[in-house]
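Written out below as structure tokens is the structure these notes cover.
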Amino acid sequence: MVDPFILRELVDAYMRTPKHWEGRILGSMTTTPHPLACYAYVLFMHTNAADPAIFSELEKMKNEILSSLSRLYDSPCDTCGLITSGGTESNILALLAALKTVNNRSRVVVAPDTVHVSIDRACDLLGCKLVKIPVDNKPVDPSILEKYIIKYNPFAVVITAGTTERGLIDPVSRIAEVVKKYNVYLHVDAAYGGLLIPFLYKHGLINTNLRFYNGVSSISVDFHKNGLAPIPSGIILFSNDEYIEKICYDAKYTLHGRYCGLLGTRPGGSIPAIWILLKHLGFKYYEEQALRLHKLALYTYKKLLEIPSLEVYKPILPIIVFKHRDISSEIILDKLLSNGYYVYRSPSLDALRIVLMPHVKKEHIDEFVNVLKHVIEVSD
Ligand SMILES: *Cc1c(COP(=O)(O)O)cnc(C)c1O
């Protein structure tokens, strides 16, 4: 029998924890996971995804997931990929696979300076030098990228389809054209944008698509962002089996004989969680969700433009960046926090950022805009 006072403490801590559905978590790329995915996760809580010999059902589900995503992104390989703990691990694995494949060069990675901080971390871990191209928060220009490739002779280039601070999409197809001339590994970090871009592109709402153009070596996408899976649910897809071989290691004591990827024992629940989401909701659902969030982003943009003292950046993906012309972003951030609102920073623009994740509704935006107006009034 558990001491009821301990349970009480547990529930109290839960009650004090912000919930996405209250509509005040507006900066983080996390959301309420889908109940069916949570059920699948808990049902398979005892499983270890690193051991496909004992837990072979996970392996079957994993291959079905990879196969669906390969179709979404037109991958040349049907089941080349791994389920990871998220975008950070996927990025580390991409660069590890790249380093072990293209090993006749300097240990340099070239990327626009809009890349996610996990690329800095990956380079730190792998002993690489990250050369950043200053892009002034615009998609990288392929001809400038080419100059960097010629100058630095990198083993890998990383671009982003949905940047963290601004939601920019680097021109994937044109960069693939450039990179393939130099036989460089190209990783596309679509941790955030991967389940938005193909659908928004299809409807003509953005002009850059995300797919395995000839020259793209890997694409990463997080299912714990717009995919509604519980954390940790990341995916990395490779264009070729060989890359996976580079990141597999013998573990002869196990039944399967080897471990692939970065972690050892790892949660098995993420795989059935993603699997059931793809079966039950399917891409059709993600498509409708992307359209809804796009519409809500334009609505939010319009509402913020009505506050004359704000500078607001037009959203591409459902990320809205804004700053006040006189009051510092840090002051506004603090005041929003004391009103129970969690927004994030967009440091390179000295601005604040809200990300419209699946839990955000129009009413939440209306409430937020009212609070923001109040915060501005009392700070002026
Ligand atoms: C979220 C994100 C990451 C990091 O992913 P985690 O799941 O937090 O490890 C990497 N790159 C981009 C572009 C992201 O949006």
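How things are named: the first chain in the structure tokens is A, the next is B, and so on; residues count from 1 in each chain; ligands count from 1 in the order shown.
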>> From a backbone DSSP assignment, name each residue in stretch 63-223 of chain A labelled strand (DSSP E or B), as a ChimeraX atom specification.
In response: /A:81-84,108-112,129-133,156-161,169,185-189,218-222
Go ahead and save the picked residues with N, CA, C and O atoms, as a CSV table (one decimal), in the first residue's frame.
```csv
chain,number,residue,atom,x,y,z
A,81,GLY,N,16.5,3.6,-41.9
A,81,GLY,CA,16.4,4.6,-40.9
A,81,GLY,C,16.4,4.0,-39.5
A,81,GLY,O,16.5,2.8,-39.4
A,82,LEU,N,16.3,4.9,-38.6
A,82,LEU,CA,16.3,4.5,-37.2
A,82,LEU,C,15.3,5.3,-36.4
A,82,LEU,O,15.1,6.5,-36.7
A,83,ILE,N,14.7,4.7,-35.4
A,83,ILE,CA,13.9,5.5,-34.4
A,83,ILE,C,14.9,6.0,-33.4
A,83,ILE,O,15.7,5.3,-32.8
A,84,THR,N,14.8,7.3,-33.1
A,84,THR,CA,15.8,7.9,-32.1
A,84,THR,C,15.0,8.6,-31.0
A,84,THR,O,13.8,8.6,-31.0
A,108,VAL,N,35.5,19.1,-41.3
A,108,VAL,CA,34.7,20.3,-41.3
A,108,VAL,C,33.3,20.0,-41.7
A,108,VAL,O,33.0,19.2,-42.6
A,109,VAL,N,32.3,20.7,-40.9
A,109,VAL,CA,30.9,20.7,-41.3
A,109,VAL,C,30.6,22.1,-41.7
A,109,VAL,O,30.9,23.0,-41.0
A,110,VAL,N,29.9,22.3,-42.8
A,110,VAL,CA,29.4,23.6,-43.2
A,110,VAL,C,27.9,23.7,-43.1
A,110,VAL,O,27.2,22.7,-43.4
A,111,ALA,N,27.5,24.8,-42.5
A,111,ALA,CA,26.0,24.9,-42.3
A,111,ALA,C,25.7,26.4,-42.1
A,111,ALA,O,26.5,27.2,-41.7
A,112,PRO,N,24.5,26.8,-42.6
A,112,PRO,CA,24.1,28.2,-42.3
A,112,PRO,C,24.0,28.5,-40.8
A,112,PRO,O,23.8,27.5,-40.1
A,129,LYS,N,34.9,20.6,-36.8
A,129,LYS,CA,34.8,22.0,-36.8
A,129,LYS,C,33.6,22.4,-37.6
A,129,LYS,O,33.4,22.0,-38.7
A,130,LEU,N,32.7,23.2,-36.9
A,130,LEU,CA,31.5,23.7,-37.6
A,130,LEU,C,31.8,25.1,-38.2
A,130,LEU,O,32.0,26.0,-37.4
A,131,VAL,N,31.7,25.2,-39.5
A,131,VAL,CA,31.9,26.5,-40.1
A,131,VAL,C,30.5,27.0,-40.5
A,131,VAL,O,29.7,26.4,-41.2
A,132,LYS,N,30.1,28.1,-39.9
A,132,LYS,CA,28.7,28.7,-40.1
A,132,LYS,C,28.7,29.8,-41.1
A,132,LYS,O,29.6,30.7,-41.1
A,133,ILE,N,27.8,29.7,-42.0
A,133,ILE,CA,27.6,30.7,-43.0
A,133,ILE,C,26.6,31.8,-42.5
A,133,ILE,O,25.5,31.4,-42.1
A,156,ALA,N,30.5,17.1,-44.6
A,156,ALA,CA,29.1,17.2,-44.5
A,156,ALA,C,28.6,18.6,-44.5
A,156,ALA,O,29.3,19.6,-44.1
A,157,VAL,N,27.4,18.8,-45.1
A,157,VAL,CA,26.7,20.0,-45.1
A,157,VAL,C,25.3,19.8,-44.4
A,157,VAL,O,24.7,18.7,-44.6
A,158,VAL,N,25.0,20.6,-43.4
A,158,VAL,CA,23.7,20.5,-42.8
A,158,VAL,C,22.8,21.7,-43.1
A,158,VAL,O,23.3,22.9,-43.0
A,159,ILE,N,21.6,21.5,-43.5
A,159,ILE,CA,20.7,22.6,-43.7
A,159,ILE,C,19.4,22.2,-42.9
A,159,ILE,O,19.2,21.1,-42.4
A,160,THR,N,18.5,23.2,-42.8
A,160,THR,CA,17.3,23.0,-42.0
A,160,THR,C,16.1,23.3,-42.7
A,160,THR,O,16.0,24.3,-43.5
A,161,ALA,N,15.1,22.4,-42.6
A,161,ALA,CA,13.8,22.6,-43.2
A,161,ALA,C,12.9,22.9,-42.0
A,161,ALA,O,12.2,22.0,-41.4
A,169,ILE,N,13.0,27.8,-44.3
A,169,ILE,CA,13.2,26.5,-45.0
A,169,ILE,C,14.4,26.8,-46.0
A,169,ILE,O,14.2,27.5,-47.0
A,185,TYR,N,28.3,14.7,-48.0
A,185,TYR,CA,27.1,14.2,-47.3
A,185,TYR,C,26.1,15.4,-47.0
A,185,TYR,O,26.6,16.4,-46.4
A,186,LEU,N,24.9,15.3,-47.4
A,186,LEU,CA,23.9,16.4,-47.1
A,186,LEU,C,22.8,15.9,-46.1
A,186,LEU,O,22.1,15.0,-46.4
A,187,HIS,N,22.8,16.5,-44.9
A,187,HIS,CA,21.8,16.2,-43.9
A,187,HIS,C,20.8,17.3,-43.9
A,187,HIS,O,21.1,18.5,-43.8
A,188,VAL,N,19.5,16.9,-44.0
A,188,VAL,CA,18.4,17.9,-43.8
A,188,VAL,C,17.7,17.8,-42.5
A,188,VAL,O,17.1,16.7,-42.2
A,189,ASP,N,17.9,18.8,-41.6
A,189,ASP,CA,17.3,18.7,-40.3
A,189,ASP,C,15.8,19.2,-40.4
A,189,ASP,O,15.6,20.4,-40.5
A,218,SER,N,20.4,12.3,-45.8
A,218,SER,CA,19.5,11.9,-44.7
A,218,SER,C,18.6,13.1,-44.3
A,218,SER,O,18.8,14.2,-44.6
A,219,ILE,N,17.4,12.7,-43.8
A,219,ILE,CA,16.4,13.6,-43.3
A,219,ILE,C,16.0,13.2,-41.9
A,219,ILE,O,15.7,12.0,-41.7
A,220,SER,N,16.0,14.2,-41.0
A,220,SER,CA,15.4,13.8,-39.6
A,220,SER,C,14.1,14.5,-39.4
A,220,SER,O,13.9,15.6,-39.9
A,221,VAL,N,13.2,13.8,-38.7
A,221,VAL,CA,11.9,14.4,-38.3
A,221,VAL,C,11.5,13.9,-37.0
A,221,VAL,O,11.7,12.8,-36.6
A,222,ASP,N,10.9,14.8,-36.2
A,222,ASP,CA,10.5,14.5,-34.8
A,222,ASP,C,9.0,14.2,-34.8
A,222,ASP,O,8.2,15.0,-35.2
```
Requested in this report: Within 6 Å of ligand 1, which residues show up when you count only C-alpha atoms and all ligand atoms? List them as a PyMOL selection string, please.
Outcome: chain A and resi 86-88+116+160+162-164+189-192
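Coordinates place atom CA of A:Val369 at a distance of 13.3 Å from atom CA of A:Lys335.
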task: Pick out the residues sitting within 10 Å of A:Arg258, and hand them over as a PyMOL selection string; count only C-alpha atoms, and ignore anything fewer than 3 positions along from it in its own chain.
output: chain A and resi 50-52+248-255+264
Output the selection as an mmCIF file, in the first residue's frame - N, CA, C and O atoms for each residue.
```cif
data_model
loop_
_atom_site.group_PDB
_atom_site.id
_atom_site.type_symbol
_atom_site.label_atom_id
_atom_site.label_comp_id
_atom_site.auth_asym_id
_atom_site.auth_seq_id
_atom_site.Cartn_x
_atom_site.Cartn_y
_atom_site.Cartn_z
ATOM 1 N N ALA A 50 16.372 -1.600 -28.483
ATOM 2 C CA ALA A 50 17.709 -1.981 -28.962
ATOM 3 C C ALA A 50 17.809 -3.485 -29.172
ATOM 4 O O ALA A 50 18.817 -3.968 -29.675
ATOM 5 N N ASP A 51 16.791 -4.230 -28.773
ATOM 6 C CA ASP A 51 16.872 -5.679 -28.861
ATOM 7 C C ASP A 51 15.789 -6.286 -29.763
ATOM 8 O O ASP A 51 14.745 -6.740 -29.307
ATOM 9 N N PRO A 52 16.026 -6.277 -31.070
ATOM 10 C CA PRO A 52 15.033 -6.802 -32.003
ATOM 11 C C PRO A 52 14.932 -8.333 -31.973
ATOM 12 O O PRO A 52 14.019 -8.893 -32.588
ATOM 13 N N CYS A 248 26.331 1.004 -36.711
ATOM 14 C CA CYS A 248 25.994 -0.208 -35.959
ATOM 15 C C CYS A 248 27.281 -0.778 -35.352
ATOM 16 O O CYS A 248 28.345 -0.718 -35.966
ATOM 17 N N TYR A 249 27.149 -1.335 -34.163
ATOM 18 C CA TYR A 249 28.318 -1.816 -33.419
ATOM 19 C C TYR A 249 28.038 -3.222 -32.893
ATOM 20 O O TYR A 249 26.910 -3.521 -32.492
ATOM 21 N N ASP A 250 29.052 -4.047 -32.888
ATOM 22 C CA ASP A 250 28.896 -5.402 -32.356
ATOM 23 C C ASP A 250 28.602 -5.353 -30.862
ATOM 24 O O ASP A 250 29.234 -4.602 -30.133
ATOM 25 N N ALA A 251 27.641 -6.189 -30.453
ATOM 26 C CA ALA A 251 27.369 -6.373 -29.017
ATOM 27 C C ALA A 251 27.125 -7.870 -28.894
ATOM 28 O O ALA A 251 25.980 -8.321 -28.809
ATOM 29 N N LYS A 252 28.207 -8.636 -28.967
ATOM 30 C CA LYS A 252 28.104 -10.078 -29.170
ATOM 31 C C LYS A 252 27.393 -10.800 -28.037
ATOM 32 O O LYS A 252 26.893 -11.902 -28.222
ATOM 33 N N TYR A 253 27.355 -10.181 -26.868
ATOM 34 C CA TYR A 253 26.693 -10.826 -25.728
ATOM 35 C C TYR A 253 25.171 -10.863 -25.876
ATOM 36 O O TYR A 253 24.502 -11.619 -25.215
ATOM 37 N N THR A 254 24.618 -10.025 -26.783
ATOM 38 C CA THR A 254 23.157 -9.999 -26.930
ATOM 39 C C THR A 254 22.723 -11.045 -27.950
ATOM 40 O O THR A 254 23.538 -11.556 -28.726
ATOM 41 N N LEU A 255 21.439 -11.368 -27.953
ATOM 42 C CA LEU A 255 20.916 -12.332 -28.921
ATOM 43 C C LEU A 255 21.058 -11.818 -30.351
ATOM 44 O O LEU A 255 21.393 -12.545 -31.261
ATOM 45 N N GLY A 264 22.137 2.598 -25.921
ATOM 46 C CA GLY A 264 22.012 1.164 -25.693
ATOM 47 C C GLY A 264 20.537 0.890 -25.475
ATOM 48 O O GLY A 264 19.710 1.177 -26.353
#
```
How close does each residue of stretch 132-203 of chain A get to stretch 342-356 of chain A, giving the shortest atom pair and distance in Å to one decimal for every residue with an atom at most 8 Å away, counting only C-alpha atoms, sorted by chain and residue number, as JSON lines?
```
{"residue": "A:Asn137", "atom": "CA", "partner": "A:Ser348", "partner_atom": "CA", "distance": 7.8}
{"residue": "A:Glu165", "atom": "CA", "partner": "A:Ser346", "partner_atom": "CA", "distance": 5.1}
{"residue": "A:Arg166", "atom": "CA", "partner": "A:Ser346", "partner_atom": "CA", "distance": 7.3}
```
Just want the 12 Å neighbourhood of stretch 55-62 of chain A, counted on only C-alpha atoms, with same-chain residues fewer than 5 positions away dropped. Output as a VMD selection string. chain A and resid 40 to 41 44 to 50 67 to 69 78 to 84 233 to 237 255 to 256 267 to 279
Please save N, CA and C atoms of the selected residues as an mmCIF file, in the first residue's frame.
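Output saved as part.cif:
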```
data_model
loop_
_atom_site.group_PDB
_atom_site.id
_atom_site.type_symbol
_atom_site.label_atom_id
_atom_site.label_comp_id
_atom_site.auth_asym_id
_atom_site.auth_seq_id
_atom_site.Cartn_x
_atom_site.Cartn_y
_atom_site.Cartn_z
ATOM 1 N N ALA A 40 -0.469 3.071 -26.513
ATOM 2 C CA ALA A 40 0.482 2.169 -27.178
ATOM 3 C C ALA A 40 1.829 2.205 -26.463
ATOM 4 N N TYR A 41 2.224 3.398 -26.053
ATOM 5 C CA TYR A 41 3.515 3.569 -25.373
ATOM 6 C C TYR A 41 3.540 2.780 -24.059
ATOM 7 N N PHE A 44 3.654 -1.041 -24.321
ATOM 8 C CA PHE A 44 4.974 -1.582 -24.680
ATOM 9 C C PHE A 44 6.093 -1.016 -23.794
ATOM 10 N N MET A 45 5.699 -0.534 -22.639
ATOM 11 C CA MET A 45 6.644 0.105 -21.717
ATOM 12 C C MET A 45 7.807 -0.806 -21.340
ATOM 13 N N HIS A 46 7.571 -2.117 -21.328
ATOM 14 C CA HIS A 46 8.605 -3.056 -20.873
ATOM 15 C C HIS A 46 9.614 -3.398 -21.968
ATOM 16 N N THR A 47 9.378 -2.917 -23.161
ATOM 17 C CA THR A 47 10.223 -3.373 -24.272
ATOM 18 C C THR A 47 11.446 -2.488 -24.456
ATOM 19 N N ASN A 48 12.482 -3.091 -25.021
ATOM 20 C CA ASN A 48 13.738 -2.393 -25.294
ATOM 21 C C ASN A 48 13.956 -2.385 -26.807
ATOM 22 N N ALA A 49 13.910 -1.207 -27.386
ATOM 23 C CA ALA A 49 14.001 -1.109 -28.851
ATOM 24 C C ALA A 49 15.388 -1.467 -29.375
ATOM 25 N N ALA A 50 16.372 -1.600 -28.483
ATOM 26 C CA ALA A 50 17.709 -1.981 -28.962
ATOM 27 C C ALA A 50 17.809 -3.485 -29.172
ATOM 28 N N SER A 67 8.850 2.771 -43.833
ATOM 29 C CA SER A 67 8.337 2.631 -45.183
ATOM 30 C C SER A 67 7.330 3.746 -45.519
ATOM 31 N N SER A 68 6.442 4.062 -44.578
ATOM 32 C CA SER A 68 5.485 5.163 -44.821
ATOM 33 C C SER A 68 6.222 6.477 -45.027
ATOM 34 N N LEU A 69 7.217 6.726 -44.180
ATOM 35 C CA LEU A 69 7.930 8.001 -44.301
ATOM 36 C C LEU A 69 8.772 8.051 -45.568
ATOM 37 N N ASP A 78 13.604 1.964 -48.935
ATOM 38 C CA ASP A 78 12.297 1.808 -48.311
ATOM 39 C C ASP A 78 12.342 1.792 -46.781
ATOM 40 N N THR A 79 13.303 1.127 -46.201
ATOM 41 C CA THR A 79 13.312 1.014 -44.736
ATOM 42 C C THR A 79 14.664 1.397 -44.133
ATOM 43 N N CYS A 80 15.330 2.388 -44.741
ATOM 44 C CA CYS A 80 16.627 2.812 -44.199
ATOM 45 C C CYS A 80 16.417 3.922 -43.184
ATOM 46 N N GLY A 81 16.542 3.573 -41.937
ATOM 47 C CA GLY A 81 16.403 4.609 -40.917
ATOM 48 C C GLY A 81 16.415 4.023 -39.532
ATOM 49 N N LEU A 82 16.345 4.909 -38.555
ATOM 50 C CA LEU A 82 16.320 4.480 -37.155
ATOM 51 C C LEU A 82 15.318 5.331 -36.394
ATOM 52 N N ILE A 83 14.742 4.736 -35.356
ATOM 53 C CA ILE A 83 13.930 5.520 -34.433
ATOM 54 C C ILE A 83 14.887 6.033 -33.361
ATOM 55 N N THR A 84 14.839 7.324 -33.086
ATOM 56 C CA THR A 84 15.782 7.932 -32.149
ATOM 57 C C THR A 84 15.021 8.618 -31.016
ATOM 58 N N SER A 233 10.445 10.582 -29.394
ATOM 59 C CA SER A 233 10.074 9.955 -30.668
ATOM 60 C C SER A 233 10.669 10.704 -31.853
ATOM 61 N N GLY A 234 11.914 10.411 -32.152
ATOM 62 C CA GLY A 234 12.544 10.998 -33.333
ATOM 63 C C GLY A 234 12.775 9.937 -34.393
ATOM 64 N N ILE A 235 12.994 10.395 -35.628
ATOM 65 C CA ILE A 235 13.284 9.462 -36.722
ATOM 66 C C ILE A 235 14.386 10.047 -37.592
ATOM 67 N N ILE A 236 15.310 9.188 -37.999
ATOM 68 C CA ILE A 236 16.237 9.609 -39.054
ATOM 69 C C ILE A 236 16.116 8.628 -40.211
ATOM 70 N N LEU A 237 15.981 9.186 -41.413
ATOM 71 C CA LEU A 237 15.903 8.370 -42.626
ATOM 72 C C LEU A 237 17.178 8.585 -43.431
ATOM 73 N N LEU A 255 21.439 -11.368 -27.953
ATOM 74 C CA LEU A 255 20.916 -12.332 -28.921
ATOM 75 C C LEU A 255 21.058 -11.818 -30.351
ATOM 76 N N HIS A 256 20.791 -10.547 -30.510
ATOM 77 C CA HIS A 256 20.822 -9.961 -31.847
ATOM 78 C C HIS A 256 22.254 -9.747 -32.337
ATOM 79 N N PRO A 267 13.806 3.234 -25.001
ATOM 80 C CA PRO A 267 12.369 2.976 -24.877
ATOM 81 C C PRO A 267 11.788 2.318 -26.129
ATOM 82 N N GLY A 268 11.060 1.207 -25.941
ATOM 83 C CA GLY A 268 10.406 0.554 -27.073
ATOM 84 C C GLY A 268 9.059 1.197 -27.369
ATOM 85 N N GLY A 269 8.468 1.851 -26.366
ATOM 86 C CA GLY A 269 7.108 2.377 -26.512
ATOM 87 C C GLY A 269 6.927 3.381 -27.627
ATOM 88 N N SER A 270 7.988 4.112 -27.968
ATOM 89 C CA SER A 270 7.860 5.131 -29.017
ATOM 90 C C SER A 270 7.458 4.508 -30.356
ATOM 91 N N ILE A 271 7.943 3.296 -30.605
ATOM 92 C CA ILE A 271 7.692 2.684 -31.918
ATOM 93 C C ILE A 271 6.200 2.353 -32.103
ATOM 94 N N PRO A 272 5.572 1.585 -31.180
ATOM 95 C CA PRO A 272 4.125 1.380 -31.342
ATOM 96 C C PRO A 272 3.327 2.678 -31.271
ATOM 97 N N ALA A 273 3.840 3.676 -30.540
ATOM 98 C CA ALA A 273 3.131 4.961 -30.473
ATOM 99 C C ALA A 273 3.094 5.617 -31.857
ATOM 100 N N ILE A 274 4.245 5.698 -32.507
ATOM 101 C CA ILE A 274 4.278 6.315 -33.847
ATOM 102 C C ILE A 274 3.487 5.452 -34.830
ATOM 103 N N TRP A 275 3.650 4.148 -34.690
ATOM 104 C CA TRP A 275 2.992 3.205 -35.610
ATOM 105 C C TRP A 275 1.476 3.392 -35.584
ATOM 106 N N ILE A 276 0.912 3.467 -34.357
ATOM 107 C CA ILE A 276 -0.562 3.555 -34.294
ATOM 108 C C ILE A 276 -1.044 4.918 -34.793
ATOM 109 N N LEU A 277 -0.228 5.942 -34.582
ATOM 110 C CA LEU A 277 -0.619 7.263 -35.098
ATOM 111 C C LEU A 277 -0.689 7.244 -36.620
ATOM 112 N N LEU A 278 0.296 6.596 -37.230
ATOM 113 C CA LEU A 278 0.287 6.531 -38.696
ATOM 114 C C LEU A 278 -0.872 5.685 -39.210
ATOM 115 N N LYS A 279 -1.211 4.622 -38.465
ATOM 116 C CA LYS A 279 -2.335 3.763 -38.872
ATOM 117 C C LYS A 279 -3.669 4.469 -38.660
#
```
